[in-house]
Number of protein chains: 4
Amino acid sequence: MLEELKKSVCRANIELSTRKLVIYSWGNVSGIDRKAGIVAIKPSGVSYSELTPEKVVLVDLEGKVVEGNLKPSIDTVIHLELYKNFEAIGGVCHTHSINATAWAQACREIPCMGTTHADFFYGAIPVTKPLSKKEIENDFELNTGKSIIKRFSKIEPMQMQAVLTASHGPFTWGKSAECAVESMVVLEEVATMALRTLVINPKQTKISKDLLDKHFLRKHGDNAYYGQK
Amino acid sequence: MLEELKKSVCRANIELSTRKLVIYSWGNVSGIDRKAGIVAIKPSGVSYSELTPEKVVLVDLEGKVVEGNLKPSIDTVIHLELYKNFEAIGGVCHTHSINATAWAQACREIPCMGTTHADFFYGAIPVTKPLSKKEIENDFELNTGKSIIKRFSKIEPMQMQAVLTASHGPFTWGKSAECAVESMVVLEEVATMALRTLVINPKQTKISKDLLDKHFLRKHGDNAYYGQK
Amino acid sequence: MLEELKKSVCRANIELSTRKLVIYSWGNVSGIDRKAGIVAIKPSGVSYSELTPEKVVLVDLEGKVVEGNLKPSIDTVIHLELYKNFEAIGGVCHTHSINATAWAQACREIPCMGTTHADFFYGAIPVTKPLSKKEIENDFELNTGKSIIKRFSKIEPMQMQAVLTASHGPFTWGKSAECAVESMVVLEEVATMALRTLVINPKQTKISKDLLDKHFLRKHGDNAYYGQK
Amino acid sequence: MLEELKKSVCRANIELSTRKLVIYSWGNVSGIDRKAGIVAIKPSGVSYSELTPEKVVLVDLEGKVVEGNLKPSIDTVIHLELYKNFEAIGGVCHTHSINATAWAQACREIPCMGTTHADFFYGAIPVTKPLSKKEIENDFELNTGKSIIKRFSKIEPMQMQAVLTASHGPFTWGKSAECAVESMVVLEEVATMALRTLVINPKQTKISKDLLDKHFLRKHGDNAYYGQK
């Protein structure tokens, strides 16, 4: 069932490891078949070197396992919350990549301080509000998902394919599982650059709206003119 | 004698090198057979590329060599002190990994600033008290071990499988030699994240007790629900 | 047409990837045949692993494609502006390498704080003036090129083979495509050292003119005495 | 002539590259045959991948080439100055390794902030005094060598096998060419740790004399008890 999806989700998970965004089993990628309403996701606690398409778990949008012998990722509920609310996305990714996680732990959004960031993300990478004691104790993972959705009430998810969950780490997404991983790679890169920019110039802030628009829109949307399309 | 133990201790020591936690012969791992009361440990000053199970040294809990032609690690006394006082542990690891050592040199505990840390360590990574002149001059290694035990008088070693010895570096442990290495890998990762978190937000402190409990306990103890178990 | 040039430009682009100065398709190198007045440059959005000499695009100095099926790099106009104004150069390179980009994002020139820098660059690495709203909205890439030329009104481009474009990233050049890449490698290295120098000693400034002259001129110009020439 | 020495010097130079202490031809190692009074050293500007024992240059202690078709390293005079003044040493090494160079550029000695440092270097890594305009303009390399010797007037070179030349970078030495490289590897490691220690605790200073003595002397001198000897 959904063999191509499982293969691409397997490949995307393994890419987390080859790109050094994860150690052990510290990250997960999923992909969705929108027609079938089914999500393929990494099994919980399985290392990337052991992952095969057969081990990828299929769940429906309510989280019920529809295929697979293994338990799905502990973060499945968060992925599902994103799929249910962000209709244009086809893949979700979560890691504890070092520099993006450092920003999440610092509970600071990553300001857009250069064109590398603006080429991919349309503004500062947002941070969620910390969860309350009650939200932590009951349905923690679901509430983490909800805190992302709340934070995006006025943000277009296809223009900002990343978020930092406070004191936790990054989630990214995209048109597919593969694209969600690309968002994570770029996020880690701009998180690194932003940290070092602050070391050089602690008072540096975001770039102008003009420069942000120019760079983001030359690569995204109807007037894009980057690449071979 | 104890062939399986020697093999696993050899493998665990070599893993220090492949994970880039050590250069030259700057780290050591041991494992214990509790029934036999015998510890298998790396020989002193031998590089990881030359290590074989045959070269692993067997000592009893008093430090007497019971098998092997080489001298055991100079830190053997510290390992033994941990085995004698922490009854649940089966392996011990010591390195000079860069970021954990930087915290040890700074004589600062690593605050738990995020869930990556909380998933594995139940609170701040403690630092030992500096040794006195007398403790340094006589039985230095033994006193290093004792300073760890003293620091853990109110800490449960299976909930905090790491310590920083002041001005020196990290020791970690776990159920086995392999687990002790995993503790070291995770310690180095969270030490790196914590350092960078401070660069971004120098006033950042620890996460809430609620979030710490949630993350540590969803992976550890009777109510854990992470992984395939 | 110009097979050797296309091969060397292809090789130089791939070197960006092997030297870890780029991810995805985030950088470009070009080379010029001064006699023919033709520039060979990387196609836009193509990854380094897929690049072949046949995919390298040939353009004239006005930017008209004279050979190739792919669109040239989006930064082609900037490369051309450099070739038209810096007559001695034979190659141009652009990346978003992490540390040089951090300095560009900080909008700070990289002071010459040591002989590693002085061996290659004759003074501080200059930063361009930020573009105005008007310059960003119309002919953005051309205006980026012009901002570099303006910044170099009193700088000899063969003595300073690098620039940081404000809030964007580095451009480098040299006698050939290969040399332009070498300039980029060295720039990233000195950018890293300079950042860490500031961490150790935030008040450190540039070295003396005497030491700068000694180091730059023992490797460059008529009185050079480094190497085998 | 001196085939074994040339081979070991060749190997030691190549190790600089495999240990990532150098790029291009940015470092050099030499070794001496004390009986013959002849030094084997890397040729100037040759990359490590092209280096063979045949290309290693032999010079006498006055710097006269006694074998080899290539020009010796531009830093040969500095190496010779060290051999002439530090009688116990058998090898010298120079690089621009990033973290040690950052300390040299910051013109700050590296304080001994932990036992990793104390295990190898008996105190703070000294920095030379900056050269005067006159010393830079005439016999620059010789004066660099002399500034090291002057800095070591009260330091025992076999207890401190490293120095930072102000605004330049590190030189290290040891019993052989291979040992000089080991000193450089360790220097870069402790330079990295010291920098990060300062980030965590900007007020951290050196460890106690007691701890320094304990660690240095358990590995060095007549009462050493580390390793298999």
# chains A, B, ... in the order shown; residues from 1 in each chain; ligands from 1

call {"tool": "select_by_dssp", "arguments": {"residues": "segment 20-229 of chain D", "states": "strand (DSSP E or B)", "output": "PDB file with N, CA and C atoms, in the first residue's frame"}}
result
ATOM      1  N   GLY D  27      51.587  24.997   6.012  1.00  0.00           N
ATOM      2  CA  GLY D  27      52.217  24.520   7.228  1.00  0.00           C
ATOM      3  C   GLY D  27      53.452  23.740   6.845  1.00  0.00           C
ATOM      4  N   ASN D  28      54.353  23.526   7.782  1.00  0.00           N
ATOM      5  CA  ASN D  28      55.577  22.804   7.463  1.00  0.00           C
ATOM      6  C   ASN D  28      56.110  22.112   8.700  1.00  0.00           C
ATOM      7  N   VAL D  29      56.717  20.955   8.463  1.00  0.00           N
ATOM      8  CA  VAL D  29      57.346  20.195   9.544  1.00  0.00           C
ATOM      9  C   VAL D  29      58.773  19.908   9.126  1.00  0.00           C
ATOM     10  N   SER D  30      59.684  19.899  10.092  1.00  0.00           N
ATOM     11  CA  SER D  30      61.065  19.506   9.824  1.00  0.00           C
ATOM     12  C   SER D  30      61.515  18.525  10.899  1.00  0.00           C
ATOM     13  N   GLY D  31      62.623  17.841  10.608  1.00  0.00           N
ATOM     14  CA  GLY D  31      63.252  16.966  11.588  1.00  0.00           C
ATOM     15  C   GLY D  31      64.754  17.125  11.462  1.00  0.00           C
ATOM     16  N   ILE D  32      65.491  16.864  12.526  1.00  0.00           N
ATOM     17  CA  ILE D  32      66.940  17.070  12.487  1.00  0.00           C
ATOM     18  C   ILE D  32      67.690  15.772  12.764  1.00  0.00           C
ATOM     19  N   ASP D  33      68.826  15.618  12.093  1.00  0.00           N
ATOM     20  CA  ASP D  33      69.793  14.591  12.469  1.00  0.00           C
ATOM     21  C   ASP D  33      70.890  15.340  13.219  1.00  0.00           C
ATOM     22  N   ILE D  38      72.133  18.175  10.246  1.00  0.00           N
ATOM     23  CA  ILE D  38      71.349  18.439   9.024  1.00  0.00           C
ATOM     24  C   ILE D  38      69.848  18.355   9.314  1.00  0.00           C
ATOM     25  N   VAL D  39      69.141  19.303   8.747  1.00  0.00           N
ATOM     26  CA  VAL D  39      67.703  19.399   8.948  1.00  0.00           C
ATOM     27  C   VAL D  39      66.971  19.047   7.649  1.00  0.00           C
ATOM     28  N   ALA D  40      65.933  18.185   7.755  1.00  0.00           N
ATOM     29  CA  ALA D  40      65.079  17.841   6.604  1.00  0.00           C
ATOM     30  C   ALA D  40      63.793  18.635   6.756  1.00  0.00           C
ATOM     31  N   ILE D  41      63.404  19.345   5.703  1.00  0.00           N
ATOM     32  CA  ILE D  41      62.249  20.248   5.816  1.00  0.00           C
ATOM     33  C   ILE D  41      61.433  20.249   4.526  1.00  0.00           C
ATOM     34  N   PRO D  43      59.573  21.456   1.235  1.00  0.00           N
ATOM     35  CA  PRO D  43      59.850  22.507   0.255  1.00  0.00           C
ATOM     36  C   PRO D  43      58.745  23.578   0.293  1.00  0.00           C
ATOM     37  N   VAL D  57      63.678  18.751   1.479  1.00  0.00           N
ATOM     38  CA  VAL D  57      64.951  19.435   1.281  1.00  0.00           C
ATOM     39  C   VAL D  57      65.843  19.246   2.506  1.00  0.00           C
ATOM     40  N   LEU D  58      67.127  19.005   2.273  1.00  0.00           N
ATOM     41  CA  LEU D  58      68.086  18.925   3.378  1.00  0.00           C
ATOM     42  C   LEU D  58      68.894  20.216   3.446  1.00  0.00           C
ATOM     43  N   VAL D  59      68.966  20.804   4.631  1.00  0.00           N
ATOM     44  CA  VAL D  59      69.769  22.022   4.811  1.00  0.00           C
ATOM     45  C   VAL D  59      70.678  21.840   6.027  1.00  0.00           C
ATOM     46  N   ASP D  60      71.786  22.569   6.049  1.00  0.00           N
ATOM     47  CA  ASP D  60      72.614  22.535   7.261  1.00  0.00           C
ATOM     48  C   ASP D  60      72.102  23.601   8.231  1.00  0.00           C
ATOM     49  N   VAL D  65      71.373  24.721   1.464  1.00  0.00           N
ATOM     50  CA  VAL D  65      70.794  23.481   0.960  1.00  0.00           C
ATOM     51  C   VAL D  65      71.913  22.489   0.666  1.00  0.00           C
ATOM     52  N   VAL D  66      71.823  21.277   1.256  1.00  0.00           N
ATOM     53  CA  VAL D  66      72.848  20.270   0.983  1.00  0.00           C
ATOM     54  C   VAL D  66      72.314  19.135   0.112  1.00  0.00           C
ATOM     55  N   GLU D  67      70.996  19.077  -0.050  1.00  0.00           N
ATOM     56  CA  GLU D  67      70.409  18.116  -0.989  1.00  0.00           C
ATOM     57  C   GLU D  67      68.996  18.561  -1.341  1.00  0.00           C
ATOM     58  N   PRO D  72      63.681  25.337   0.134  1.00  0.00           N
ATOM     59  CA  PRO D  72      63.066  24.908   1.406  1.00  0.00           C
ATOM     60  C   PRO D  72      62.001  25.903   1.863  1.00  0.00           C
ATOM     61  N   GLY D  91      62.275  17.780  16.222  1.00  0.00           N
ATOM     62  CA  GLY D  91      61.338  18.134  15.154  1.00  0.00           C
ATOM     63  C   GLY D  91      60.639  19.435  15.468  1.00  0.00           C
ATOM     64  N   VAL D  92      60.274  20.166  14.408  1.00  0.00           N
ATOM     65  CA  VAL D  92      59.584  21.453  14.549  1.00  0.00           C
ATOM     66  C   VAL D  92      58.396  21.471  13.590  1.00  0.00           C
ATOM     67  N   CYS D  93      57.323  22.109  14.012  1.00  0.00           N
ATOM     68  CA  CYS D  93      56.120  22.162  13.182  1.00  0.00           C
ATOM     69  C   CYS D  93      55.510  23.559  13.223  1.00  0.00           C
ATOM     70  N   HIS D  94      54.991  24.003  12.082  1.00  0.00           N
ATOM     71  CA  HIS D  94      54.294  25.297  12.008  1.00  0.00           C
ATOM     72  C   HIS D  94      53.027  25.131  11.187  1.00  0.00           C
ATOM     73  N   THR D  95      51.914  25.674  11.684  1.00  0.00           N
ATOM     74  CA  THR D  95      50.663  25.679  10.912  1.00  0.00           C
ATOM     75  C   THR D  95      49.937  27.002  11.153  1.00  0.00           C
ATOM     76  N   ILE D 110      47.426  31.191  25.994  1.00  0.00           N
ATOM     77  CA  ILE D 110      46.320  30.283  26.314  1.00  0.00           C
ATOM     78  C   ILE D 110      46.513  29.810  27.747  1.00  0.00           C
ATOM     79  N   ILE D 125      50.302  28.553  27.328  1.00  0.00           N
ATOM     80  CA  ILE D 125      51.053  28.590  26.063  1.00  0.00           C
ATOM     81  C   ILE D 125      51.478  30.043  25.850  1.00  0.00           C
ATOM     82  N   VAL D 127      52.926  33.648  24.341  1.00  0.00           N
ATOM     83  CA  VAL D 127      52.874  34.415  23.084  1.00  0.00           C
ATOM     84  C   VAL D 127      54.144  35.259  22.995  1.00  0.00           C
ATOM     85  N   ALA D 162      55.342  24.369  22.674  1.00  0.00           N
ATOM     86  CA  ALA D 162      54.507  25.185  21.782  1.00  0.00           C
ATOM     87  C   ALA D 162      54.663  26.656  22.107  1.00  0.00           C
ATOM     88  N   VAL D 163      54.457  27.468  21.089  1.00  0.00           N
ATOM     89  CA  VAL D 163      54.468  28.917  21.274  1.00  0.00           C
ATOM     90  C   VAL D 163      53.509  29.518  20.253  1.00  0.00           C
ATOM     91  N   LEU D 164      52.954  30.663  20.598  1.00  0.00           N
ATOM     92  CA  LEU D 164      52.157  31.422  19.628  1.00  0.00           C
ATOM     93  C   LEU D 164      52.959  32.645  19.225  1.00  0.00           C
ATOM     94  N   THR D 165      53.228  32.812  17.925  1.00  0.00           N
ATOM     95  CA  THR D 165      53.905  34.040  17.498  1.00  0.00           C
ATOM     96  C   THR D 165      52.820  35.089  17.273  1.00  0.00           C
ATOM     97  N   GLY D 169      50.838  32.835  14.286  1.00  0.00           N
ATOM     98  CA  GLY D 169      50.264  31.514  14.499  1.00  0.00           C
ATOM     99  C   GLY D 169      51.185  30.660  15.339  1.00  0.00           C
ATOM    100  N   PRO D 170      50.872  29.374  15.463  1.00  0.00           N
ATOM    101  CA  PRO D 170      51.621  28.508  16.364  1.00  0.00           C
ATOM    102  C   PRO D 170      52.854  27.854  15.740  1.00  0.00           C
ATOM    103  N   PHE D 171      53.872  27.655  16.562  1.00  0.00           N
ATOM    104  CA  PHE D 171      54.982  26.745  16.281  1.00  0.00           C
ATOM    105  C   PHE D 171      55.009  25.723  17.419  1.00  0.00           C
ATOM    106  N   THR D 172      55.276  24.472  17.071  1.00  0.00           N
ATOM    107  CA  THR D 172      55.409  23.443  18.103  1.00  0.00           C
ATOM    108  C   THR D 172      56.643  22.617  17.809  1.00  0.00           C
ATOM    109  N   TRP D 173      57.052  21.812  18.773  1.00  0.00           N
ATOM    110  CA  TRP D 173      58.211  20.963  18.572  1.00  0.00           C
ATOM    111  C   TRP D 173      58.092  19.715  19.439  1.00  0.00           C
ATOM    112  N   GLY D 174      59.133  18.873  19.369  1.00  0.00           N
ATOM    113  CA  GLY D 174      59.133  17.640  20.153  1.00  0.00           C
ATOM    114  C   GLY D 174      60.388  16.851  19.843  1.00  0.00           C
TER     115      GLY D 174
END

call {"tool": "closest_atom_pairs", "arguments": {"of": "chain B", "to": "chain D", "cutoff": "10 Å", "atoms": "only C-alpha atoms", "output": "JSON lines"}}
result
{"residue": "B:Ile23", "atom": "CA", "partner": "D:Val186", "partner_atom": "CA", "distance": 8.8}
{"residue": "B:Tyr24", "atom": "CA", "partner": "D:Glu182", "partner_atom": "CA", "distance": 9.1}
{"residue": "B:Ser25", "atom": "CA", "partner": "D:Gly227", "partner_atom": "CA", "distance": 9.5}
{"residue": "B:Trp26", "atom": "CA", "partner": "D:Thr116", "partner_atom": "CA", "distance": 8.8}
{"residue": "B:Pro43", "atom": "CA", "partner": "D:Gly227", "partner_atom": "CA", "distance": 8.0}
{"residue": "B:Ser44", "atom": "CA", "partner": "D:Gly227", "partner_atom": "CA", "distance": 4.7}
{"residue": "B:Gly45", "atom": "CA", "partner": "D:Gly227", "partner_atom": "CA", "distance": 4.3}
{"residue": "B:Val46", "atom": "CA", "partner": "D:Gly227", "partner_atom": "CA", "distance": 7.4}
{"residue": "B:Asn69", "atom": "CA", "partner": "D:Gln228", "partner_atom": "CA", "distance": 9.9}
{"residue": "B:Leu70", "atom": "CA", "partner": "D:Gln228", "partner_atom": "CA", "distance": 6.7}
{"residue": "B:Lys71", "atom": "CA", "partner": "D:Gln228", "partner_atom": "CA", "distance": 6.0}
{"residue": "B:Pro72", "atom": "CA", "partner": "D:Gly227", "partner_atom": "CA", "distance": 8.7}
{"residue": "B:Ser73", "atom": "CA", "partner": "D:Gly227", "partner_atom": "CA", "distance": 7.8}
{"residue": "B:Ile74", "atom": "CA", "partner": "D:Tyr226", "partner_atom": "CA", "distance": 6.2}
{"residue": "B:Asp75", "atom": "CA", "partner": "D:Tyr226", "partner_atom": "CA", "distance": 9.7}
{"residue": "B:Thr95", "atom": "CA", "partner": "D:Thr116", "partner_atom": "CA", "distance": 9.9}
{"residue": "B:His96", "atom": "CA", "partner": "D:Thr116", "partner_atom": "CA", "distance": 7.0}
{"residue": "B:Ser97", "atom": "CA", "partner": "D:Met193", "partner_atom": "CA", "distance": 9.1}
{"residue": "B:Ile98", "atom": "CA", "partner": "D:Met193", "partner_atom": "CA", "distance": 5.8}
{"residue": "B:Asn99", "atom": "CA", "partner": "D:Met193", "partner_atom": "CA", "distance": 7.0}
{"residue": "B:Ala100", "atom": "CA", "partner": "D:Met193", "partner_atom": "CA", "distance": 9.3}
{"residue": "B:Thr101", "atom": "CA", "partner": "D:Met193", "partner_atom": "CA", "distance": 7.0}
{"residue": "B:Ala102", "atom": "CA", "partner": "D:Thr197", "partner_atom": "CA", "distance": 4.6}
{"residue": "B:Trp103", "atom": "CA", "partner": "D:Thr197", "partner_atom": "CA", "distance": 6.3}
{"residue": "B:Ala104", "atom": "CA", "partner": "D:Gly114", "partner_atom": "CA", "distance": 8.1}
{"residue": "B:Gln105", "atom": "CA", "partner": "D:Gly114", "partner_atom": "CA", "distance": 5.4}
{"residue": "B:Ala106", "atom": "CA", "partner": "D:Thr197", "partner_atom": "CA", "distance": 5.3}
{"residue": "B:Cys107", "atom": "CA", "partner": "D:Asn201", "partner_atom": "CA", "distance": 8.3}
{"residue": "B:Arg108", "atom": "CA", "partner": "D:Asn201", "partner_atom": "CA", "distance": 7.8}
{"residue": "B:Ile110", "atom": "CA", "partner": "D:Ile200", "partner_atom": "CA", "distance": 9.8}
{"residue": "B:Pro130", "atom": "CA", "partner": "D:Leu211", "partner_atom": "CA", "distance": 9.8}
{"residue": "B:Leu131", "atom": "CA", "partner": "D:Leu211", "partner_atom": "CA", "distance": 8.6}
{"residue": "B:Ser132", "atom": "CA", "partner": "D:Asp210", "partner_atom": "CA", "distance": 8.8}
{"residue": "B:Lys133", "atom": "CA", "partner": "D:Asp210", "partner_atom": "CA", "distance": 6.1}
{"residue": "B:Lys134", "atom": "CA", "partner": "D:Asp210", "partner_atom": "CA", "distance": 9.0}
{"residue": "B:Glu135", "atom": "CA", "partner": "D:Asp210", "partner_atom": "CA", "distance": 9.8}
{"residue": "B:Ile136", "atom": "CA", "partner": "D:Leu211", "partner_atom": "CA", "distance": 6.5}
{"residue": "B:Glu137", "atom": "CA", "partner": "D:Lys214", "partner_atom": "CA", "distance": 6.9}
{"residue": "B:Asn138", "atom": "CA", "partner": "D:Lys214", "partner_atom": "CA", "distance": 9.7}
{"residue": "B:Phe140", "atom": "CA", "partner": "D:Lys214", "partner_atom": "CA", "distance": 8.1}
{"residue": "B:Ala166", "atom": "CA", "partner": "D:Gly114", "partner_atom": "CA", "distance": 8.3}
{"residue": "B:Ser167", "atom": "CA", "partner": "D:Gly114", "partner_atom": "CA", "distance": 4.5}
{"residue": "B:His168", "atom": "CA", "partner": "D:Thr115", "partner_atom": "CA", "distance": 5.0}
{"residue": "B:Gly169", "atom": "CA", "partner": "D:Thr115", "partner_atom": "CA", "distance": 8.0}
{"residue": "B:Thr192", "atom": "CA", "partner": "D:Arg196", "partner_atom": "CA", "distance": 9.7}
{"residue": "B:Ala194", "atom": "CA", "partner": "D:Ile200", "partner_atom": "CA", "distance": 9.3}
{"residue": "B:Leu195", "atom": "CA", "partner": "D:Ile200", "partner_atom": "CA", "distance": 6.4}
{"residue": "B:Arg196", "atom": "CA", "partner": "D:Val199", "partner_atom": "CA", "distance": 9.1}
{"residue": "B:Leu198", "atom": "CA", "partner": "D:Ile200", "partner_atom": "CA", "distance": 7.5}
{"residue": "B:Val199", "atom": "CA", "partner": "D:Val199", "partner_atom": "CA", "distance": 7.6}
{"residue": "B:Pro202", "atom": "CA", "partner": "D:Ile200", "partner_atom": "CA", "distance": 9.3}

call {"tool": "residues_around", "arguments": {"residues": "segment 153-155 of chain B", "least_positions_apart": "3", "cutoff": "12 Å", "atoms": "only C-alpha atoms", "output": "list of chain:residue names"}}
result
B:Asn85, B:Phe86, B:Phe121, B:Tyr122, B:Gly123, B:Ala124, B:Ile125, B:Pro126, B:Thr128, B:Lys146, B:Ser147, B:Ile148, B:Ile149, B:Lys150, B:Met158, B:Gln159, B:Met160, B:Gln161, B:Ala162, B:Val163

call {"tool": "select_by_dssp", "arguments": {"residues": "segment 57-185 of chain A", "states": "helix (DSSP H, G or I)", "output": "PyMOL selection string"}}
result
chain A and resi 76-85+98-105+115-118+133-137+140-151+177-185

call {"tool": "atom_distance", "arguments": {"atom1": "atom CA of Leu16 of chain C", "atom2": "atom CA of Thr52 of chain C"}}
result
14.3 Å

call {"tool": "atom_distance", "arguments": {"atom1": "atom CA of Lys7 of chain C", "atom2": "atom CA of Glu62 of chain C"}}
result
22.3 Å

call {"tool": "atom_distance", "arguments": {"atom1": "atom CA of Ser176 of chain C", "atom2": "atom CA of Ile89 of chain C"}}
result
7.0 Å

call {"tool": "residues_around", "arguments": {"residues": "Leu142 of chain D", "least_positions_apart": "6", "cutoff": "8 Å", "atoms": "only C-alpha atoms", "output": "ChimeraX atom specification"}}
result
/D:77-78,81

call {"tool": "write_last_selection", "arguments": {"atoms": "N, CA, C and O atoms", "output": "PDB file, in the first residue's frame"}}
result
ATOM      1  N   VAL D  77      64.389  29.386   8.356  1.00  0.00           N
ATOM      2  CA  VAL D  77      65.233  30.136   9.311  1.00  0.00           C
ATOM      3  C   VAL D  77      64.693  30.039  10.741  1.00  0.00           C
ATOM      4  O   VAL D  77      65.463  29.956  11.699  1.00  0.00           O
ATOM      5  N   ILE D  78      63.356  30.032  10.844  1.00  0.00           N
ATOM      6  CA  ILE D  78      62.748  29.929  12.178  1.00  0.00           C
ATOM      7  C   ILE D  78      63.019  28.552  12.776  1.00  0.00           C
ATOM      8  O   ILE D  78      63.405  28.424  13.936  1.00  0.00           O
ATOM      9  N   GLU D  81      66.597  28.339  13.951  1.00  0.00           N
ATOM     10  CA  GLU D  81      66.800  29.088  15.197  1.00  0.00           C
ATOM     11  C   GLU D  81      66.357  28.248  16.404  1.00  0.00           C
ATOM     12  O   GLU D  81      67.026  28.242  17.440  1.00  0.00           O
TER      13      GLU D  81
END
